[in-house]
Structures are given as structure tokens and as C-alpha cells.
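File shown: data-v3.cif (mmCIF, C-alpha atoms).
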```cif
data_protein
#
loop_
_atom_site.label_atom_id
_atom_site.label_comp_id
_atom_site.auth_asym_id
_atom_site.auth_seq_id
_atom_site.Cartn_x
_atom_site.Cartn_y
_atom_site.Cartn_z
CA MET A 1 14.26 -30.10 16.20
CA SER A 2 15.91 -33.39 17.20
CA ASN A 3 19.02 -33.20 15.02
CA GLU A 4 21.06 -30.49 13.35
CA LYS A 5 21.68 -32.23 10.03
CA TYR A 6 20.04 -30.48 7.13
CA TYR A 7 16.66 -31.98 6.32
CA VAL A 8 16.59 -33.44 2.80
CA PRO A 9 13.01 -33.57 1.47
CA HIS A 10 11.66 -36.85 0.17
CA GLY A 11 10.57 -37.30 -3.45
CA THR A 12 7.30 -35.51 -4.16
CA TYR A 13 4.85 -35.14 -7.04
CA TRP A 14 3.61 -31.62 -6.15
CA PRO A 15 6.08 -29.69 -8.39
CA ILE A 16 4.99 -31.54 -11.55
CA ILE A 17 1.33 -31.00 -10.61
CA GLY A 18 2.12 -27.30 -10.22
CA SER A 19 3.78 -27.25 -13.67
CA VAL A 20 0.76 -28.93 -15.25
CA GLY A 21 -1.55 -26.44 -13.52
CA ILE A 22 0.40 -23.36 -14.67
CA SER A 23 0.70 -24.70 -18.25
CA THR A 24 -3.04 -25.44 -18.36
CA LEU A 25 -3.84 -21.97 -17.00
CA PHE A 26 -1.74 -20.21 -19.67
CA VAL A 27 -2.97 -22.38 -22.54
CA GLY A 28 -6.53 -21.55 -21.46
CA PHE A 29 -5.71 -17.85 -21.02
CA ALA A 30 -4.01 -17.57 -24.46
CA ASN A 31 -6.99 -19.22 -26.18
CA HIS A 32 -9.45 -17.10 -24.19
CA MET A 33 -7.60 -13.99 -25.47
CA HIS A 34 -8.12 -15.33 -29.02
CA HIS A 35 -11.85 -15.79 -28.30
CA VAL A 36 -11.66 -19.57 -28.45
CA GLY A 37 -14.70 -21.04 -26.71
CA TRP A 38 -12.90 -23.61 -24.57
CA GLY A 39 -10.28 -21.11 -23.37
CA TRP A 40 -12.25 -19.97 -20.31
CA PRO A 41 -13.08 -23.45 -18.88
CA VAL A 42 -9.47 -24.59 -19.44
CA MET A 43 -8.31 -21.50 -17.52
CA LEU A 44 -10.58 -22.50 -14.63
CA LEU A 45 -9.24 -26.06 -14.79
CA GLY A 46 -5.66 -24.76 -14.63
CA PHE A 47 -6.53 -22.51 -11.69
CA SER A 48 -8.18 -25.45 -9.88
CA ILE A 49 -5.09 -27.62 -10.41
CA ILE A 50 -2.87 -24.84 -8.98
CA ALA A 51 -5.20 -24.43 -5.95
CA PHE A 52 -5.14 -28.23 -5.43
CA MET A 53 -1.32 -28.20 -5.63
CA LEU A 54 -1.04 -25.33 -3.12
CA PHE A 55 -3.32 -27.00 -0.57
CA GLY A 56 -1.59 -30.35 -1.06
CA TRP A 57 1.98 -29.05 -0.95
CA ILE A 58 1.45 -26.68 1.98
CA GLY A 59 -0.49 -29.44 3.78
CA THR A 60 2.49 -31.78 3.35
CA VAL A 61 4.88 -29.15 4.75
CA VAL A 62 2.55 -28.49 7.73
CA ASN A 63 2.32 -32.22 8.49
CA GLU A 64 6.10 -32.57 8.30
CA SER A 65 6.48 -29.59 10.63
CA ILE A 66 4.09 -30.85 13.35
CA SER A 67 5.54 -34.38 13.16
CA GLY A 68 8.89 -32.92 14.28
CA THR A 69 10.75 -33.68 11.05
CA TYR A 70 12.31 -30.21 10.81
CA ASN A 71 15.30 -28.93 12.76
CA LYS A 72 16.65 -25.43 13.46
CA GLN A 73 18.36 -25.18 10.08
CA VAL A 74 15.03 -25.73 8.33
CA ASP A 75 13.45 -23.14 10.65
CA ARG A 76 16.13 -20.63 9.58
CA SER A 77 15.56 -21.44 5.90
CA PHE A 78 11.82 -20.75 6.31
CA ARG A 79 12.60 -17.39 7.95
CA TRP A 80 15.05 -16.40 5.19
CA GLY A 81 12.55 -17.54 2.57
CA MET A 82 9.99 -15.21 4.16
CA SER A 83 12.53 -12.36 4.09
CA TRP A 84 12.98 -12.72 0.30
CA PHE A 85 9.22 -12.82 -0.14
CA ILE A 86 9.00 -9.59 1.91
CA PHE A 87 11.71 -8.03 -0.28
CA SER A 88 9.81 -8.91 -3.47
CA GLU A 89 6.57 -7.49 -2.04
CA VAL A 90 8.23 -4.22 -0.99
CA MET A 91 9.78 -3.86 -4.48
CA PHE A 92 6.42 -4.67 -6.11
CA PHE A 93 4.61 -1.84 -4.36
CA ALA A 94 7.65 0.47 -4.59
CA ALA A 95 7.35 0.23 -8.40
CA PHE A 96 3.70 1.35 -8.37
CA PHE A 97 4.23 4.09 -5.77
CA GLY A 98 7.26 5.14 -7.85
CA ALA A 99 5.08 5.34 -10.98
CA LEU A 100 2.57 7.53 -9.12
CA LEU A 101 5.35 9.80 -7.82
CA TYR A 102 7.03 10.05 -11.24
CA ALA A 103 3.77 10.85 -13.04
CA ARG A 104 2.71 13.48 -10.51
CA THR A 105 5.98 15.27 -9.89
CA ILE A 106 7.87 14.85 -13.18
CA SER A 107 6.03 13.72 -16.32
CA VAL A 108 2.76 15.69 -15.94
CA PRO A 109 4.53 18.97 -15.00
CA TRP A 110 6.89 18.45 -17.98
CA LEU A 111 3.92 18.07 -20.32
CA GLY A 112 2.72 21.40 -18.95
CA GLY A 113 6.04 23.02 -19.84
CA ALA A 114 7.82 22.86 -16.49
CA ASP A 115 11.62 22.83 -16.22
CA ASN A 116 13.43 23.09 -19.55
CA ASN A 117 10.98 21.09 -21.67
CA VAL A 118 9.94 24.14 -23.63
CA PHE A 119 8.69 22.13 -26.59
CA THR A 120 6.12 20.02 -24.74
CA PRO A 121 3.32 22.65 -24.64
CA GLU A 122 3.49 22.69 -28.44
CA LEU A 123 2.73 18.98 -28.57
CA TRP A 124 -0.67 19.48 -26.93
CA GLU A 125 -1.70 23.08 -27.17
CA GLY A 126 -3.70 24.30 -24.22
CA PHE A 127 -2.57 21.55 -21.90
CA LYS A 128 -2.22 22.63 -18.28
CA ALA A 129 -0.54 20.39 -15.77
CA ALA A 130 -3.12 19.31 -13.18
CA TRP A 131 -3.54 16.47 -10.76
CA PRO A 132 -5.39 14.15 -10.85
CA LEU A 133 -4.94 13.91 -14.62
CA ILE A 134 -7.82 11.78 -15.86
CA ASN A 135 -7.39 12.14 -19.63
CA THR A 136 -4.25 11.15 -21.49
CA PRO A 137 -3.13 14.16 -23.57
CA GLY A 138 -3.91 13.69 -27.24
CA THR A 139 -6.98 11.55 -26.63
CA ILE A 140 -10.63 12.39 -26.29
CA GLY A 141 -11.68 11.61 -22.75
CA GLN A 142 -14.05 12.72 -20.02
CA ASN A 143 -17.04 14.75 -21.26
CA GLY A 144 -15.63 14.68 -24.81
CA THR A 145 -12.76 17.02 -23.91
CA THR A 146 -9.11 16.57 -24.75
CA PHE A 147 -7.79 17.32 -21.27
CA SER A 148 -8.95 16.94 -17.71
CA THR A 149 -11.94 18.96 -16.59
CA GLY A 150 -13.53 19.70 -13.23
CA PHE A 151 -14.12 16.28 -11.76
CA GLU A 152 -14.98 15.37 -8.21
CA LEU A 153 -13.38 12.16 -7.04
CA VAL A 154 -14.39 10.00 -4.10
CA ASP A 155 -14.31 12.09 -0.95
CA ALA A 156 -11.27 11.20 1.15
CA TRP A 157 -13.45 11.33 4.28
CA GLY A 158 -16.03 8.94 2.82
CA LEU A 159 -15.35 5.28 2.09
CA PRO A 160 -11.54 5.61 1.94
CA ALA A 161 -11.48 6.91 5.53
CA ILE A 162 -13.87 4.16 6.70
CA ASN A 163 -11.65 1.58 5.00
CA THR A 164 -8.55 3.06 6.61
CA ALA A 165 -10.22 2.87 10.03
CA LEU A 166 -11.23 -0.75 9.35
CA LEU A 167 -7.75 -1.83 8.28
CA LEU A 168 -6.04 0.04 11.12
CA THR A 169 -8.44 -1.63 13.58
CA SER A 170 -7.53 -5.01 12.05
CA GLY A 171 -3.87 -4.09 12.74
CA VAL A 172 -4.83 -3.57 16.39
CA THR A 173 -6.80 -6.85 16.59
CA ILE A 174 -3.98 -8.93 15.08
CA THR A 175 -1.58 -7.32 17.57
CA TYR A 176 -3.88 -8.47 20.39
CA ALA A 177 -4.04 -11.94 18.76
CA HIS A 178 -0.23 -11.99 18.64
CA HIS A 179 -0.07 -11.04 22.32
CA ALA A 180 -2.66 -13.70 23.23
CA LEU A 181 -0.62 -16.36 21.39
CA ARG A 182 2.61 -15.34 23.12
CA SER A 183 0.94 -15.43 26.53
CA GLY A 184 -0.93 -18.69 25.90
CA HIS A 185 -4.51 -17.34 25.93
CA ARG A 186 -6.05 -19.56 23.29
CA ASP A 187 -9.67 -18.37 23.47
CA ALA A 188 -8.64 -14.71 23.20
CA LEU A 189 -6.35 -15.64 20.29
CA VAL A 190 -9.21 -17.27 18.37
CA ALA A 191 -11.54 -14.31 19.05
CA TRP A 192 -9.00 -11.71 17.90
CA MET A 193 -8.20 -13.75 14.79
CA ILE A 194 -11.89 -13.96 13.85
CA ALA A 195 -12.19 -10.19 14.39
CA THR A 196 -9.17 -9.56 12.15
CA ILE A 197 -10.53 -11.74 9.33
CA ALA A 198 -13.98 -10.12 9.62
CA LEU A 199 -12.46 -6.62 9.38
CA GLY A 200 -10.46 -7.69 6.31
CA VAL A 201 -13.58 -9.05 4.58
CA LEU A 202 -15.49 -5.87 5.51
CA PHE A 203 -12.66 -3.80 4.00
CA LEU A 204 -12.94 -5.74 0.73
CA GLY A 205 -16.72 -5.20 0.68
CA PHE A 206 -16.30 -1.42 1.06
CA GLN A 207 -13.52 -1.44 -1.55
CA ILE A 208 -15.84 -3.07 -4.08
CA THR A 209 -18.50 -0.46 -3.20
CA GLU A 210 -15.98 2.36 -3.72
CA TYR A 211 -14.99 0.91 -7.09
CA GLY A 212 -18.66 0.88 -8.04
CA HIS A 213 -19.02 4.57 -7.12
CA ALA A 214 -15.80 5.58 -8.88
CA TYR A 215 -16.67 3.63 -12.03
CA HIS A 216 -20.19 5.06 -12.05
CA ASP A 217 -18.69 8.56 -11.79
CA GLY A 218 -16.54 7.90 -14.85
CA LEU A 219 -13.20 6.97 -13.26
CA LYS A 220 -11.92 3.94 -15.18
CA LEU A 221 -8.64 2.13 -15.71
CA THR A 222 -8.36 4.12 -18.94
CA SER A 223 -8.94 7.48 -17.19
CA GLY A 224 -5.48 8.87 -17.83
CA ILE A 225 -2.44 8.29 -15.65
CA TYR A 226 -4.53 8.91 -12.51
CA GLY A 227 -7.09 6.19 -13.36
CA SER A 228 -4.32 3.74 -14.24
CA THR A 229 -2.26 4.26 -11.09
CA PHE A 230 -5.36 4.49 -8.85
CA TYR A 231 -6.79 1.14 -9.98
CA LEU A 232 -3.42 -0.63 -10.19
CA LEU A 233 -2.37 0.44 -6.69
CA THR A 234 -5.70 -0.10 -4.95
CA GLY A 235 -6.50 -3.20 -7.04
CA PHE A 236 -3.24 -4.98 -6.24
CA HIS A 237 -3.62 -3.92 -2.63
CA GLY A 238 -7.13 -5.42 -2.57
CA PHE A 239 -5.70 -8.62 -4.04
CA HIS A 240 -3.13 -8.70 -1.22
CA VAL A 241 -5.87 -8.18 1.39
CA THR A 242 -7.74 -11.13 -0.17
CA VAL A 243 -4.65 -13.35 -0.02
CA GLY A 244 -3.94 -12.14 3.53
CA ALA A 245 -7.50 -12.95 4.66
CA ILE A 246 -7.18 -16.46 3.17
CA MET A 247 -3.84 -16.96 4.94
CA LEU A 248 -5.31 -15.71 8.25
CA THR A 249 -8.17 -18.20 7.84
CA VAL A 250 -5.69 -21.03 7.31
CA ILE A 251 -3.77 -19.90 10.42
CA LEU A 252 -7.05 -19.79 12.40
CA TYR A 253 -7.72 -23.39 11.30
CA ARG A 254 -4.23 -24.39 12.40
CA ILE A 255 -4.75 -22.62 15.76
CA GLN A 256 -7.95 -24.68 16.24
CA LYS A 257 -5.88 -27.79 15.46
CA GLY A 258 -3.36 -26.81 18.16
CA HIS A 259 -0.39 -26.41 15.81
CA PHE A 260 1.14 -23.43 17.65
CA ASN A 261 2.40 -22.65 21.14
CA ALA A 262 3.84 -19.55 22.83
CA ASP A 263 7.42 -20.41 21.76
CA ASN A 264 6.93 -21.98 18.34
CA HIS A 265 4.63 -20.17 15.90
CA PHE A 266 6.62 -18.99 12.88
CA ALA A 267 3.69 -19.50 10.47
CA PHE A 268 1.61 -17.11 12.58
CA GLU A 269 4.48 -14.59 12.66
CA GLY A 270 4.89 -14.70 8.89
CA VAL A 271 1.18 -14.13 8.22
CA ALA A 272 0.91 -11.47 10.95
CA TRP A 273 3.83 -9.55 9.44
CA TYR A 274 2.22 -9.81 5.99
CA TRP A 275 -1.06 -8.42 7.37
CA HIS A 276 0.78 -5.50 9.01
CA PHE A 277 2.54 -4.86 5.68
CA VAL A 278 -0.78 -4.79 3.81
CA ASP A 279 -2.08 -2.37 6.48
CA VAL A 280 0.93 -0.06 6.11
CA VAL A 281 0.67 -0.10 2.29
CA TRP A 282 -2.94 1.05 2.64
CA VAL A 283 -1.92 3.89 4.97
CA GLY A 284 0.58 4.92 2.27
CA LEU A 285 -2.14 4.70 -0.38
CA PHE A 286 -4.58 6.71 1.71
CA ILE A 287 -1.99 9.44 2.23
CA PHE A 288 -0.46 9.64 -1.26
CA VAL A 289 -3.56 9.01 -3.37
CA TYR A 290 -6.14 10.95 -1.38
CA TRP A 291 -4.21 13.55 0.62
CA ILE A 292 -0.71 14.64 -0.38
CA MET B 1 2.24 19.36 7.47
CA SER B 2 3.16 17.11 4.52
CA PHE B 3 6.69 16.75 5.91
CA PHE B 4 5.24 15.68 9.28
CA VAL B 5 3.01 13.06 7.63
CA ILE B 6 5.80 11.66 5.44
CA ALA B 7 8.21 11.55 8.42
CA ILE B 8 5.72 9.42 10.39
CA ILE B 9 5.20 7.11 7.40
CA VAL B 10 8.97 6.62 7.16
CA ILE B 11 9.12 5.72 10.89
CA ILE B 12 6.22 3.26 10.39
CA PHE B 13 8.12 1.56 7.55
CA LEU B 14 11.30 1.43 9.65
CA SER B 15 9.31 -0.26 12.46
CA LEU B 16 7.98 -2.78 9.97
CA GLY B 17 11.56 -3.43 8.81
CA SER B 18 12.69 -3.84 12.41
CA ALA B 19 9.88 -6.40 12.94
CA ALA B 20 11.02 -8.30 9.83
CA ILE B 21 14.59 -8.43 11.19
CA GLY B 22 13.24 -9.81 14.50
CA MET B 23 11.23 -12.44 12.63
CA ILE B 24 14.24 -13.54 10.54
CA ARG B 25 16.46 -13.70 13.64
CA GLY B 26 13.97 -15.91 15.50
CA GLY B 27 14.29 -17.18 19.07
CA GLN B 28 12.89 -15.41 22.13
CA GLU B 29 14.87 -12.22 21.50
CA GLY B 30 13.81 -12.01 17.85
CA SER B 31 10.18 -12.78 18.71
CA ASP B 32 10.16 -9.99 21.34
CA LYS B 33 11.73 -7.53 18.89
CA MET B 34 9.14 -8.42 16.24
CA PHE B 35 6.17 -8.06 18.57
CA ASN B 36 7.33 -4.77 20.08
CA SER B 37 8.09 -3.26 16.65
CA LEU B 38 4.69 -4.28 15.29
CA ARG B 39 2.93 -2.91 18.35
CA PHE B 40 4.78 0.39 17.95
CA ARG B 41 3.96 0.65 14.24
CA THR B 42 0.26 -0.10 14.93
CA ALA B 43 0.07 2.66 17.55
CA LEU B 44 1.89 5.08 15.25
CA SER B 45 -0.45 4.30 12.32
CA VAL B 46 -3.53 4.94 14.46
CA PHE B 47 -1.93 8.18 15.71
CA LEU B 48 -1.24 9.28 12.12
CA PHE B 49 -4.85 8.67 11.08
CA VAL B 50 -6.23 10.55 14.08
CA ALA B 51 -3.71 13.38 13.54
CA LEU B 52 -4.77 13.60 9.89
CA MET B 53 -8.44 13.86 10.90
CA PHE B 54 -7.59 16.56 13.43
CA ALA B 55 -5.39 18.49 10.96
CA SER B 56 -8.16 18.33 8.36
CA TYR B 57 -10.72 19.57 10.92
CA MET B 58 -8.40 22.44 11.83
CA GLY B 59 -7.88 23.29 8.16
CA TRP B 60 -4.12 22.60 8.24
CA ILE B 61 -4.34 20.02 5.43
CA ALA B 62 -6.91 19.38 2.69
CA PRO B 63 -7.49 16.25 0.61
CA ASN B 64 -6.67 16.47 -3.11
CA ASN B 65 -10.07 15.17 -4.14
CA ILE B 66 -11.10 18.06 -6.40
CA LEU B 67 -9.56 18.69 -9.80
CA PRO B 68 -8.84 22.26 -10.78
CA THR B 69 -11.39 23.24 -13.43
CA GLN B 70 -9.85 24.24 -16.76
#
```
Written form, C-alpha cells:
Amino acid sequence: MSNEKYYVPHGTYWPIIGSVGISTLFVGFANHMHHVGWGWPVMLLGFSIIAFMLFGWIGTVVNESISGTYNKQVDRSFRWGMSWFIFSEVMFFAAFFGALLYARTISVPWLGGADNNVFTPELWEGFKAAWPLINTPGTIGQNGTTFSTGFELVDAWGLPAINTALLLTSGVTITYAHHALRSGHRDALVAWMIATIALGVLFLGFQITEYGHAYHDGLKLTSGIYGSTFYLLTGFHGFHVTVGAIMLTVILYRIQKGHFNADNHFAFEGVAWYWHFVDVVWVGLFIFVYWI
Amino acid sequence: MSFFVIAIIVIIFLSLGSAAIGMIRGGQEGSDKMFNSLRFRTALSVFLFVALMFASYMGWIAPNNILPTQ
């Protein structure tokens, strides 16, 4: 923070490594889709190159930050960069929640003849609008029937409620970690961070268990609009919890290294906000998928 | 009951937005705003979960986990 001139980054090889990694990943993926034998290992190679690039590039930025290279303008650019990332994440989940809302309140009732769509019942005779709709009209689905039948989903007070309690508790523990960092209590900060990561990993374990139960009971990605939206929403959320847990682990490592103090800890703030966001998205999922 | 639940979710999202604004603003004031907003949203989320459990126990709200049989 020594000068106010804008920091101009030095030349770096990380972007070209990232490009090579992404290209390798897609070449491998395309060939894997065409059942070419070497497609899968090339995909893994591409993924490894991208992971190497991320660790290397982020490591370079961290080293530049702790060596005092950055000034307040760079700090502001990091904060605005985080805000655009937040915006993209909100829009991402808004699209999937929007799809769930549209399917439940508009398209499925229309197929059942609601509003002025008087012709739709004739398309699929005998169709009655019901939610959750687990068979796409016009296809043969669960139990060999054309439409949805009596089907008991995962009990909202079973694993989903346990997972909600776990994630909400992790929201409490990261708040205590945040408080410990702001008040300079390093040992408490480390303990609360470990608790938060552990709760996140436990959540993922239960989520995998729930998927196992749901799949065993016949709920698949192809189980109508309900199966599609259920797995897309909860699956992408699980992916975000995984990424969040990795980021929290990196922050824990940086805490151990002494990278943060009570006044200067933007990386912690960014990851903490992300974790709270993931927590809130789950609360929304719990309410709109299982309750309302 | 649904209106009550959705209203609380909206307030939780607004708190999260307020925390994001504090984070973008930075400095001591921004940091305080972020922390307080996140603390509020955490408390509200826990309250919502407990309220949902209580409402379910009282029979005011029921989960949509059973499909109507056709």
C-alpha cells in the first residue's frame, strides 16, 4: 500500500498454461464423447494442467500481496472483481430456481389444462397436473406408466433437515471465525475454521447418501421435470460446497502462514461471503424443493 | 405461512446483499457493515429453520414430499 499508482503486472506465463489446459481438457472430452480410448486420460491431463495453473497463478498473486506490491487501487479492483463474481453466481442460481418456479407454477398447470390452454389436455389424454412431476408427459416412466404415480420422495425431516442443520451450523462457526479474526484471536480462528470445513465435508457426505437413497428409489436425472430440476439444483449446490470447502482450506493454510490480520483480510472476507451465499442457497433449496 | 417463510428468505437475501456492499466498500466501516449483516443473516436463517420445525410440529405447514396418487 506504499504508492497510489496503479500496479501493472509483470509478464507471466500462467495465462498460456491455462489456455493449454482448457484446450487439452476439451479435446479429451470431445474424444471421450466419441468413445475414443485416449479421450479420458487426455481429459485428466487437461484438468491437471488447469489445477496446476490455478495453484501457480493464485500462489503468485498471494506472494505479490504479502510482499506489499499492491496498493489501495488494486485492493479496490479485487473487491469489484469479487462483486462481479457474486453477480454471476446469483444469476446462475436464479436461472435454476426460475426454471423450478416456471415448471411448477406455469408449464405443468398448463399441461393440465389450466388458464386458457384448452388444447393441452388433448395432447396427453388423462394427464393431471401434479407436483412433483416425475414422468415427462408422452414418455413411459416410473412403474411403466405414462404419467406420475404415487411416489414417496425423501422425507423433508430426514437427511435434508440434517443437512440444513449442518450447513446452518457451519454458517454460525464461520461467523465466529470472522469475529475471532477481527478481534485478533488466532487460536479461536483456526478452531472455528476447522469446524466450518468439517461441517462442509459432513454435508457433502450426507448429500451423497441422500443421492444414493433417491436414486435407489427411482428418482433420476431423467425423472421428469422434477428429477431434472432436483438434481441440477442440488448437484450444482453440492459442487459449490465442494469449491467453498477447498477455498476455506486454502484460507486456513494462509491463516497458519500468518497472511491476515484484524485490519487486512480481504481473501477471508471473500471466501466467508461465498460460504454464507452457499448456505443461503441451500436454505432456499430446502424451502422451495422440500416444503413450499 | 408460506408468505411468512418467503418474507424471511427475502430479508436473508437482502442481508447477504448488504454484506456484499460492505465488502466491496472496504475499510473499517465496510468491514463492520459486512460482519454485522452476515451475523444478522445467520441468526435469521437459524430462526427460520427452527420456526419451520415448530410450524411443522404444530401442523401449520406440511412438506410436499408425497405425490398425489393418480
### Task
Find the residues around Phe277 (chain A) up to 12 Å (all atoms listed in the file counted), leave out those fewer than 3 positions away in its own chain, and share them as an MDAnalysis selection string.
(chainID A and resid 85:87 89:90 93 167:168 170:171 237 240:241 244 270:274 280:284) or (chainID B and resid 12:17 19:20 38 41:42 45)
Excluding Gln73 (chain A) and residues on its chain fewer than 3 positions from it, collect all residues at most 8 Å away from it, counting only C-alpha atoms, and give them as a PDB file with C-alpha atoms, in the coordinates of the input.
```pdb
ATOM      1  CA  GLU A   4      21.060 -30.490  13.350  1.00  0.00           C
ATOM      2  CA  LYS A   5      21.680 -32.230  10.030  1.00  0.00           C
ATOM      3  CA  TYR A   6      20.040 -30.480   7.130  1.00  0.00           C
ATOM      4  CA  TYR A   7      16.660 -31.980   6.320  1.00  0.00           C
ATOM      5  CA  TYR A  70      12.310 -30.210  10.810  1.00  0.00           C
ATOM      6  CA  ARG A  76      16.130 -20.630   9.580  1.00  0.00           C
ATOM      7  CA  SER A  77      15.560 -21.440   5.900  1.00  0.00           C
TER       8      SER A  77
END
```
### Query
What does the distance between CA of Phe236 (chain A) and CA of Phe92 (chain A) come to in Å, to one decimal place?
9.7 Å
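Note that the spacing between CA of Val27 (chain A) and CA of Gly39 (chain A) amounts to 7.5 Å.
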If we count all atoms listed in the file, which residues of chain B reach to within 9 Å of chain A? Please list them as a PDB file with C-alpha atoms, keeping the file's coordinate frame.
```
ATOM      1  CA  SER B   2       3.160  17.110   4.520  1.00  0.00           C
ATOM      2  CA  VAL B   5       3.010  13.060   7.630  1.00  0.00           C
ATOM      3  CA  ILE B   6       5.800  11.660   5.440  1.00  0.00           C
ATOM      4  CA  ILE B   9       5.200   7.110   7.400  1.00  0.00           C
ATOM      5  CA  ILE B  12       6.220   3.260  10.390  1.00  0.00           C
ATOM      6  CA  PHE B  13       8.120   1.560   7.550  1.00  0.00           C
ATOM      7  CA  LEU B  16       7.980  -2.780   9.970  1.00  0.00           C
ATOM      8  CA  ALA B  19       9.880  -6.400  12.940  1.00  0.00           C
ATOM      9  CA  ALA B  20      11.020  -8.300   9.830  1.00  0.00           C
ATOM     10  CA  ILE B  21      14.590  -8.430  11.190  1.00  0.00           C
ATOM     11  CA  MET B  23      11.230 -12.440  12.630  1.00  0.00           C
ATOM     12  CA  ILE B  24      14.240 -13.540  10.540  1.00  0.00           C
ATOM     13  CA  ARG B  25      16.460 -13.700  13.640  1.00  0.00           C
ATOM     14  CA  GLY B  26      13.970 -15.910  15.500  1.00  0.00           C
ATOM     15  CA  GLY B  27      14.290 -17.180  19.070  1.00  0.00           C
ATOM     16  CA  GLN B  28      12.890 -15.410  22.130  1.00  0.00           C
ATOM     17  CA  SER B  31      10.180 -12.780  18.710  1.00  0.00           C
ATOM     18  CA  MET B  34       9.140  -8.420  16.240  1.00  0.00           C
ATOM     19  CA  PHE B  35       6.170  -8.060  18.570  1.00  0.00           C
ATOM     20  CA  LEU B  38       4.690  -4.280  15.290  1.00  0.00           C
ATOM     21  CA  ARG B  39       2.930  -2.910  18.350  1.00  0.00           C
ATOM     22  CA  ARG B  41       3.960   0.650  14.240  1.00  0.00           C
ATOM     23  CA  THR B  42       0.260  -0.100  14.930  1.00  0.00           C
ATOM     24  CA  ALA B  43       0.070   2.660  17.550  1.00  0.00           C
ATOM     25  CA  SER B  45      -0.450   4.300  12.320  1.00  0.00           C
ATOM     26  CA  VAL B  46      -3.530   4.940  14.460  1.00  0.00           C
ATOM     27  CA  LEU B  48      -1.240   9.280  12.120  1.00  0.00           C
ATOM     28  CA  PHE B  49      -4.850   8.670  11.080  1.00  0.00           C
ATOM     29  CA  MET B  53      -8.440  13.860  10.900  1.00  0.00           C
ATOM     30  CA  ILE B  61      -4.340  20.020   5.430  1.00  0.00           C
ATOM     31  CA  ALA B  62      -6.910  19.380   2.690  1.00  0.00           C
ATOM     32  CA  PRO B  63      -7.490  16.250   0.610  1.00  0.00           C
ATOM     33  CA  ASN B  64      -6.670  16.470  -3.110  1.00  0.00           C
ATOM     34  CA  ASN B  65     -10.070  15.170  -4.140  1.00  0.00           C
ATOM     35  CA  ILE B  66     -11.100  18.060  -6.400  1.00  0.00           C
ATOM     36  CA  LEU B  67      -9.560  18.690  -9.800  1.00  0.00           C
ATOM     37  CA  PRO B  68      -8.840  22.260 -10.780  1.00  0.00           C
ATOM     38  CA  THR B  69     -11.390  23.240 -13.430  1.00  0.00           C
ATOM     39  CA  GLN B  70      -9.850  24.240 -16.760  1.00  0.00           C
TER      40      GLN B  70
END
```
### Task
Between A:Gly212, A:Trp84, A:Ala180, A:Ile162, single out the one closest to Leu199 (chain A), counting all atoms listed in the file.
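Of all the options, A:Ile162 lies closest to Leu199 (chain A).
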Provide an axis-aligned box for all listed atoms of region 44-55 of chain B, padding each side by 4 Å; report its centre and its edge lengths in Å to one decimal, as JSON.
```
{"center_x": -3.3, "center_y": 11.4, "center_z": 12.8, "size_x": 18.3, "size_y": 22.2, "size_z": 13.8}
```
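Interatomic distance, CA of Tyr211 (chain A) against CA of Leu159 (chain A): 10.2 Å.
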### Task
Would you kindly return, as a PyMOL selection string, each protein, DNA or RNA residue with an atom no farther than 9 Å from any atom of region 17-19 of chain A, considering all atoms listed in the file and excluding same-chain residues fewer than 3 positions away?
chain A and resi 13-14+22-24+49-54
### Message
Restricting the calculation to all atoms listed in the file: of B:Ala51, B:Phe3, B:Ile11, B:Trp60, which residue gets closest to Ser37 (chain B)?
### Response
B:Ile11
